[in-house]
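As stored in input.cif (mmCIF, C-alpha atoms):
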data_final
loop_
_atom_site.label_atom_id
_atom_site.label_comp_id
_atom_site.auth_asym_id
_atom_site.auth_seq_id
_atom_site.Cartn_x
_atom_site.Cartn_y
_atom_site.Cartn_z
CA ALA A 242 0.00 0.00 0.00
CA ASP A 243 2.84 2.39 0.86
CA ASN A 244 4.50 1.69 -2.50
CA ILE A 245 1.24 2.42 -4.31
CA LYS A 246 0.89 5.73 -2.40
CA THR A 247 4.50 6.70 -3.20
CA LEU A 248 3.96 5.94 -6.88
CA ALA A 249 0.83 8.10 -6.86
CA LEU A 250 2.71 11.01 -5.29
CA THR A 251 5.70 10.82 -7.61
CA SER A 252 3.43 10.72 -10.67
CA ASP A 253 1.70 13.96 -9.61
CA THR A 254 3.54 16.83 -11.28
CA THR A 255 0.69 19.33 -11.37
CA ALA A 256 0.90 22.28 -9.00
CA PRO A 257 -2.13 23.24 -6.91
CA THR A 258 -4.17 26.31 -7.75
CA ALA A 259 -4.78 28.94 -5.09
CA SER A 260 -6.35 32.30 -4.35
CA ILE A 261 -6.39 34.54 -1.28
CA THR A 262 -8.76 36.95 0.42
CA ARG A 263 -7.98 39.36 3.25
CA SER A 264 -10.09 38.89 6.39
CA ASN A 265 -8.69 41.71 8.55
CA ARG A 266 -5.33 43.25 9.42
CA THR A 267 -3.95 40.00 10.89
CA THR A 268 -5.55 37.11 8.97
CA CYS A 269 -6.19 35.92 5.42
CA THR A 270 -8.05 32.99 3.93
CA VAL A 271 -6.31 30.87 1.30
CA THR A 272 -8.54 28.79 -0.98
CA ALA A 273 -6.81 26.02 -2.92
CA THR A 274 -7.48 22.97 -5.08
CA ASP A 275 -5.36 19.89 -5.77
CA SER A 276 -7.25 16.86 -7.07
CA GLN A 277 -4.29 14.50 -7.35
CA SER A 278 -2.08 14.13 -4.27
CA GLY A 279 -4.06 16.56 -2.09
CA LEU A 280 -3.19 19.79 -0.26
CA TRP A 281 -0.38 19.97 2.26
CA LYS A 282 0.65 23.41 3.50
CA ILE A 283 0.69 27.19 2.95
CA GLU A 284 4.00 29.03 3.07
CA GLN A 285 4.33 32.78 3.64
CA LEU A 286 7.12 34.66 1.84
CA ASN A 287 8.81 38.02 2.29
CA SER A 288 9.61 40.43 -0.56
CA SER A 289 12.71 38.40 -1.48
CA ASN A 290 10.64 35.18 -1.66
CA THR A 291 12.33 33.90 1.49
CA PRO A 292 10.06 31.48 3.41
CA LEU A 293 8.81 32.79 6.75
CA THR A 294 6.11 30.61 8.34
CA THR A 295 4.06 27.60 7.24
CA THR A 296 0.53 26.48 8.07
CA ASN A 297 -0.72 22.96 7.35
CA PHE A 298 -4.19 22.62 5.92
CA THR A 299 -6.57 21.47 8.66
CA SER A 300 -8.03 19.07 6.09
CA LEU A 301 -4.60 17.62 5.41
CA TYR A 302 -4.22 16.05 1.94
CA SER A 303 -7.70 17.22 0.99
CA LYS A 304 -8.64 16.71 -2.66
CA THR A 305 -11.85 18.69 -2.29
CA ALA A 306 -12.08 21.62 -4.69
CA ASN A 307 -11.78 25.09 -3.13
CA THR A 308 -10.58 23.99 0.28
CA ALA A 309 -10.28 27.07 2.51
CA GLN A 310 -7.69 27.63 5.25
CA GLU A 311 -7.31 30.72 7.44
CA ILE A 312 -3.76 31.86 8.23
CA THR A 313 -2.34 34.40 10.65
CA LEU A 314 -0.13 36.81 8.74
CA ASP A 315 3.55 37.21 9.48
CA SER A 316 4.24 40.95 9.83
CA THR A 317 6.79 40.87 6.97
CA ALA A 318 4.91 38.55 4.58
CA VAL A 319 3.85 39.89 1.17
CA LYS A 320 3.07 36.63 -0.69
CA VAL A 321 1.94 33.06 -0.07
CA ARG A 322 2.30 29.80 -1.99
CA VAL A 323 0.66 26.40 -1.58
CA TYR A 324 2.27 22.93 -1.54
CA ASP A 325 0.56 19.67 -2.36
CA ALA A 326 1.45 16.31 -0.85
CA ALA A 327 3.77 15.52 -3.78
CA GLY A 328 5.77 18.70 -3.18
CA ASN A 329 4.43 20.65 -6.15
CA ILE A 330 4.21 24.37 -5.44
CA SER A 331 1.75 26.96 -6.70
CA ASP A 332 2.94 30.26 -8.11
CA PRO A 333 3.33 32.89 -5.35
CA ILE A 334 0.23 35.04 -4.93
CA GLN A 335 0.16 38.55 -3.49
CA ILE A 336 -1.38 39.11 -0.06
CA PRO A 337 -4.14 41.70 -0.61
CA PRO A 338 -4.13 45.14 1.01
CA LEU A 339 -6.00 45.86 4.22
CA THR A 340 -9.46 47.21 3.33
CA VAL A 341 -10.59 50.23 5.36
CA SER A 342 -14.25 51.29 5.23
CA GLY A 343 -14.60 53.13 8.55
CA ALA A 344 -12.55 54.98 11.15
CA THR A 345 -9.32 52.98 11.58
CA THR A 346 -6.14 53.50 13.59
CA ILE A 347 -2.82 52.01 12.45
CA THR A 348 0.28 51.83 14.67
CA THR A 349 2.34 49.12 12.93
CA ASP A 350 3.63 48.31 9.43
CA GLN A 351 1.17 47.31 6.72
CA LEU A 352 3.52 46.12 3.97
CA ASN A 353 0.64 44.92 1.81
CA GLY A 354 -0.84 48.38 1.65
CA ILE A 355 -4.23 49.85 2.50
CA LYS A 356 -7.31 50.30 0.32
CA ILE A 357 -9.85 52.90 1.46
CA THR A 358 -13.32 52.07 0.16
CA ALA A 359 -15.52 54.60 1.98
CA ASN A 360 -15.48 58.18 3.24
CA CYS A 361 -13.69 57.84 6.57
CA THR A 362 -10.60 58.83 8.58
CA LEU A 363 -7.46 56.70 8.57
CA THR A 364 -5.33 57.58 11.61
CA PHE A 365 -1.70 56.78 12.19
CA GLY A 366 -1.80 56.65 15.95
CA SER A 367 0.33 58.04 18.74
CA GLY A 368 0.76 54.48 20.05
CA ALA A 369 3.37 53.68 17.39
CA THR A 370 6.77 52.72 18.81
CA ALA A 371 8.77 53.07 15.57
CA ALA A 372 8.46 54.37 12.02
CA ILE A 373 5.47 52.89 10.17
CA GLN A 374 5.81 51.47 6.64
CA ILE A 375 2.75 51.27 4.43
CA GLY A 376 3.03 49.38 1.15
CA HIS A 377 6.09 47.92 -0.54
CA THR A 378 7.76 48.29 -3.93
CA SER A 379 7.14 44.57 -4.60
CA LYS A 380 3.36 45.01 -4.42
CA GLU A 381 1.13 45.42 -7.47
CA TRP A 382 -0.74 48.49 -6.24
CA ALA A 383 -0.34 51.82 -4.46
CA GLY A 384 0.78 52.05 -0.84
CA ILE A 385 -2.60 53.59 -0.02
CA GLU A 386 -5.33 53.43 -2.66
CA ILE A 387 -8.49 55.51 -2.36
CA ASP A 388 -11.51 54.15 -4.16
CA THR A 389 -13.28 56.19 -6.83
CA SER A 390 -15.87 58.86 -5.91
CA LYS A 391 -14.81 59.13 -2.26
CA THR A 392 -14.95 62.86 -1.57
CA ASP A 393 -14.32 62.96 2.18
CA VAL A 394 -11.32 60.79 2.96
CA LYS A 395 -8.94 62.00 5.67
CA ILE A 396 -5.50 60.77 6.71
CA GLN A 397 -4.72 61.89 10.25
CA ASN A 398 -1.06 61.42 11.17
CA SER A 399 -0.71 61.63 14.94
CA SER A 400 2.36 59.40 15.17
CA SER A 401 5.54 60.63 16.81
CA TYR A 402 7.43 58.61 14.20
CA ALA A 403 7.56 59.00 10.43
CA VAL A 404 4.99 57.24 8.26
CA ASN A 405 6.62 55.99 5.02
CA ILE A 406 4.30 55.05 2.15
CA TYR A 407 5.53 53.24 -0.99
CA GLY A 408 3.91 52.59 -4.36
CA GLY A 409 4.54 49.30 -6.15
CA TYR A 410 4.68 48.04 -9.73
CA GLY A 411 2.35 45.98 -11.90
CA THR A 412 0.43 45.84 -15.19
CA ASP A 413 -3.09 46.90 -16.14
CA SER A 414 -5.74 45.05 -18.13
CA TYR A 415 -4.31 46.50 -21.36
CA GLY A 416 -0.82 45.08 -20.71
CA SER A 417 0.72 48.47 -19.91
CA GLN A 418 3.22 48.80 -17.05
CA ILE A 419 1.86 50.69 -14.06
CA ARG A 420 4.18 52.35 -11.56
CA TYR A 421 1.97 53.21 -8.67
CA ALA A 422 1.67 56.33 -6.54
CA GLY A 423 2.55 56.26 -2.88
CA ILE A 424 -1.00 57.44 -2.16
CA TYR A 425 -3.36 57.05 -5.12
CA VAL A 426 -6.12 59.65 -5.31
CA PRO A 427 -8.35 59.09 -8.38
CA THR A 428 -9.82 62.03 -10.25
CA SER A 429 -13.25 61.70 -8.64
CA SER A 430 -11.97 61.58 -5.04
CA THR A 431 -10.73 64.04 -2.42
CA LEU A 432 -8.06 63.44 0.21
CA THR A 433 -7.36 65.72 3.18
CA MET A 434 -4.12 65.19 5.07
CA GLN A 435 -3.92 66.49 8.62
CA GLY A 436 -2.32 65.92 12.01
CA SER A 437 1.00 66.73 13.62
CA GLY A 438 3.20 63.91 12.26
CA ARG A 439 5.55 63.50 9.32
CA THR A 440 4.42 61.61 6.21
CA ASN A 441 6.78 60.52 3.42
CA ALA A 442 5.04 59.28 0.25
CA TYR A 443 7.00 57.72 -2.61
CA GLY A 444 5.81 56.90 -6.11
CA TYR A 445 7.45 53.77 -7.55
CA GLN A 446 11.04 54.89 -7.86
CA SER A 447 12.41 53.60 -11.17
CA GLY A 448 11.55 53.12 -14.83
CA ASN A 449 9.64 55.37 -17.21
CA GLY A 450 6.14 56.63 -16.60
CA THR A 451 6.43 56.75 -12.81
CA GLY A 452 3.81 57.37 -10.14
CA ALA A 453 3.29 60.51 -8.11
CA GLY A 454 4.14 60.65 -4.44
CA ILE A 455 0.50 61.57 -3.81
CA GLY A 456 -1.93 61.61 -6.72
CA GLY A 457 -1.94 59.65 -9.98
CA ASN A 458 -0.28 56.41 -11.00
CA GLY A 459 2.32 56.36 -13.80
CA ILE A 460 2.15 54.29 -16.96
CA THR A 461 4.41 52.92 -19.70
CA LEU A 462 2.12 52.17 -22.60
CA ALA A 463 2.19 48.67 -24.07
CA SER A 464 2.83 48.44 -27.82
CA SER A 465 -0.42 46.53 -28.28
CA SER A 466 -2.52 48.81 -26.10
CA SER A 467 -5.21 50.96 -27.66
CA SER A 468 -6.37 52.36 -24.31
CA VAL A 469 -4.62 54.22 -21.50
CA SER A 470 -5.33 54.12 -17.78
CA THR A 471 -5.65 57.67 -16.45
CA THR A 472 -2.66 59.19 -14.67
CA SER A 473 -4.54 62.26 -13.42
CA ALA A 474 -5.10 63.01 -9.75
CA GLY A 475 -8.11 64.02 -7.71
CA THR A 476 -8.24 66.78 -5.10
CA ILE A 477 -5.49 66.76 -2.46
CA LYS A 478 -5.59 69.06 0.56
CA ILE A 479 -2.92 69.38 3.24
CA THR A 480 -4.21 71.26 6.28
CA ALA A 481 -1.61 70.31 8.91
CA GLY A 482 1.45 68.17 9.54
CA THR A 483 4.65 67.70 7.55
CA VAL A 484 4.28 65.99 4.17
CA TYR A 485 7.11 65.05 1.81
CA ALA A 486 5.91 63.61 -1.48
CA TYR A 487 8.35 62.16 -4.02
CA GLY A 488 7.37 61.28 -7.56
CA GLY A 489 9.23 58.34 -9.05
CA TYR A 490 12.25 59.26 -11.13
CA ALA A 491 12.51 58.41 -14.84
CA SER A 492 15.82 58.14 -16.72
CA GLU A 493 14.95 61.52 -18.26
CA ALA A 494 12.15 63.95 -17.42
CA LYS A 495 10.69 63.55 -20.91
CA TYR A 496 10.18 59.85 -20.20
CA GLY A 497 7.34 60.53 -17.80
CA THR A 498 8.34 61.51 -14.28
CA GLY A 499 5.55 61.50 -11.72
CA ALA A 500 4.83 64.67 -9.74
CA GLY A 501 5.48 64.95 -6.04
CA ILE A 502 1.82 65.87 -5.62
CA GLY A 503 -0.34 65.64 -8.75
CA GLY A 504 -0.41 63.44 -11.82
CA GLY A 505 1.64 60.39 -12.65
CA GLY A 506 3.96 60.24 -15.65
CA ILE A 507 3.13 58.78 -19.07
CA TYR A 508 5.71 57.17 -21.33
CA ASN A 509 5.07 55.80 -24.80
CA GLY A 510 8.23 54.40 -26.33
CA TYR A 511 6.26 53.33 -29.39
CA LEU A 512 5.23 56.85 -30.41
CA THR A 513 7.23 57.97 -33.46
CA SER A 514 5.57 61.36 -34.04
CA LEU A 515 3.17 63.77 -32.37
#
This structure in structure tokens:
Amino acid sequence: ADNIKTLALTSDTTAPTASITRSNRTTCTVTATDSQSGLWKIEQLNSSNTPLTTTNFTSLYSKTANTAQEITLDSTAVKVRVYDAAGNISDPIQIPPLTVSGATTITTDQLNGIKITANCTLTFGSGATAAIQIGHTSKEWAGIEIDTSKTDVKIQNSSSYAVNIYGGYGTDSYGSQIRYAGIYVPTSSTLTMQGSGRTNAYGYQSGNGTGAGIGGNGITLASSSSSVSTTSAGTIKITAGTVYAYGGYASEAKYGTGAGIGGGGIYNGYLTSL
């Protein structure tokens, strides 16, 4: 029987499929499927793809489609991957940002970023014991993303330590490269920044068509793209505090450098005339 099981495992060369949803600031739910050898474990990875912690599926070696497993996030994890019983590994998948839809106070790092989906106040609290990092350059979205048509979003920085916010890098549905803003404010939304603390916001810091520190995302247009994601910014108000906003740098200004506060850059290397 053991020999039969071993043969079955060694003949399984298909990696499991997996997806992930964010439950709250400390937990996620991974949903996976492996119909051959069954599901084994979930591994969390840092930005260098170094393994951090592992969690075995409660239904160990389950072959049931869409088996769900909740995991407690490591504070430095930005991706997860799933192993089956034969040792096949899924592609790494990004841990989603923390969704904020009401008054929320943050005092620790949120490397996977924050998405604000309602008119509310996000506070960086006085209880912080060190600088706070929001977002990471390895992520495929802005450090803080404000949803469309949110006209009363406030960021209150009351921390005694700096809050550092980083945009990441990814692609849009048209295949164009997107270099994200530190804080993305879409054209239909309004952000008010206030408080006594220091905020440093960085658009993705290399390439052409870079994101703003606060405002619009940057874009490098794909050769096959017939449409362009907007790089414009919404309304940004600073009423108190110290804010440093750094647009990402391009190799030359004409290649689409994002503003400190304002729009992201656009680069089209395929344009031969204007």
Checklist entry - Where does the PyMOL selection byres ((chain A and resi 486) around 6) land in this file, that is, which residues does it pick, as a PyMOL selection string? => result chain A and resi 441-442+454+485+487+501
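On the file presented, the PyMOL selection byres ((chain A and resi 419) around 9) picks out A:Glu381, A:Trp382, A:Gly409, A:Tyr410, A:Gly411, A:Thr412, A:Asp413, A:Ser417, A:Gln418, A:Arg420, A:Tyr421, A:Gly450, A:Thr451, A:Gly452, A:Asn458, A:Gly459, A:Ile460, A:Thr461, A:Leu462, A:Ser470.
Closest to Ser316 (chain A) among A:Ile283, A:Ile357, A:Thr299, A:Thr268 is A:Thr268, based on all atoms listed in the file.
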Item to check | Top pick for closest residue to Tyr402 (chain A), considering A:Ala422, A:Ile355, A:Ile373, A:Ala383 and counting all atoms listed in the file | outcome: A:Ile373
Checklist entry - A:Ala474, A:Ala371, A:Val321, A:Val426: which is nearest Gln285 (chain A), counting only C-alpha atoms? => result A:Val321
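Here the PyMOL selection byres ((chain A and resi 397) around 9) catches exactly these residues: Thr362, Leu363, Thr364, Phe365, Gly366, Lys395, Ile396, Asn398, Ser399, Ser400, Thr433, Met434, Gln435, Gly436, Ser437, Gly438 and Gly482 of chain A.
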Item to check | Option closest in space to Ser303 (chain A), from A:Ala318, A:Ala327, A:Val394, A:Leu280 [counting only C-alpha atoms] | outcome: A:Leu280
Checklist outcome for this item: Residue with the minimum atom-to-atom distance to Cys361 (chain A), picked from A:Ser288, A:Thr346, A:Asp393, A:Ile385 with only C-alpha atoms counted, is A:Asp393
Checklist entry - Distance CA of Gly328 (chain A)-CA of Ile261 (chain A), one decimal place? => result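 Taking CA of Gly328 (chain A) and CA of Ile261 (chain A), their separation equals 20.1 Å.
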Checklist entry - Of the candidates A:Asn405, A:Thr498, A:Gln310, A:Ser464, which shows the shortest atom-to-atom distance to Gly384 (chain A), using only C-alpha atoms? => result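 Using only C-alpha atoms, the shortest distance to Gly384 (chain A) belongs to A:Asn405.
The space separating CA of Thr308 (chain A) from CA of Ser331 (chain A) comes to 14.5 Å.
Distance-wise, CA of Ile479 (chain A) and CA of Ala344 (chain A) end up 19.0 Å apart.
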Expected axis-aligned box over every listed atom of region 496-511 of chain A, 6 Å added per side, centre plus edges in Å to one decimal, as AutoDock Vina command-line options:
--center_x 4.9 --center_y 59.6 --center_z -17.5 --size_x 22.6 --size_y 24.5 --size_z 35.8
Checklist entry - Do you know which residues are at most 7 Å from region 352-354 of chain A counting all atoms listed in the file, after dropping those on the same chain fewer than 3 positions away, and could you put them as a PyMOL selection string? => result chain A and resi 317+319+336-339+374-377+380+384-385
Starting from the point (-9.8, 18.5, 2.4), work out which residues of protein, DNA or RNA have an atom no more than 10 Å away when counting all atoms listed in the file; state them as a PDB file with C-alpha atoms, keeping the file's coordinate frame.
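As written to disk, out_36.pdb reads:
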ATOM      1  CA  ALA A 273      -6.810  26.020  -2.920  1.00  0.00           C
ATOM      2  CA  THR A 274      -7.480  22.970  -5.080  1.00  0.00           C
ATOM      3  CA  ASP A 275      -5.360  19.890  -5.770  1.00  0.00           C
ATOM      4  CA  SER A 276      -7.250  16.860  -7.070  1.00  0.00           C
ATOM      5  CA  GLY A 279      -4.060  16.560  -2.090  1.00  0.00           C
ATOM      6  CA  LEU A 280      -3.190  19.790  -0.260  1.00  0.00           C
ATOM      7  CA  TRP A 281      -0.380  19.970   2.260  1.00  0.00           C
ATOM      8  CA  PHE A 298      -4.190  22.620   5.920  1.00  0.00           C
ATOM      9  CA  THR A 299      -6.570  21.470   8.660  1.00  0.00           C
ATOM     10  CA  SER A 300      -8.030  19.070   6.090  1.00  0.00           C
ATOM     11  CA  LEU A 301      -4.600  17.620   5.410  1.00  0.00           C
ATOM     12  CA  TYR A 302      -4.220  16.050   1.940  1.00  0.00           C
ATOM     13  CA  SER A 303      -7.700  17.220   0.990  1.00  0.00           C
ATOM     14  CA  LYS A 304      -8.640  16.710  -2.660  1.00  0.00           C
ATOM     15  CA  THR A 305     -11.850  18.690  -2.290  1.00  0.00           C
ATOM     16  CA  ALA A 306     -12.080  21.620  -4.690  1.00  0.00           C
ATOM     17  CA  ASN A 307     -11.780  25.090  -3.130  1.00  0.00           C
ATOM     18  CA  THR A 308     -10.580  23.990   0.280  1.00  0.00           C
ATOM     19  CA  ALA A 309     -10.280  27.070   2.510  1.00  0.00           C
ATOM     20  CA  GLN A 310      -7.690  27.630   5.250  1.00  0.00           C
TER      21      GLN A 310
END
Next on the checklist: So that I can see what lies close to Ser390 (chain A), please list as number ranges by chain the residues with an atom at most 8 Å from it, counting all atoms listed in the file and leaving out residues fewer than 6 positions away in the same chain.
Outcome noted: A: 427, 429-430
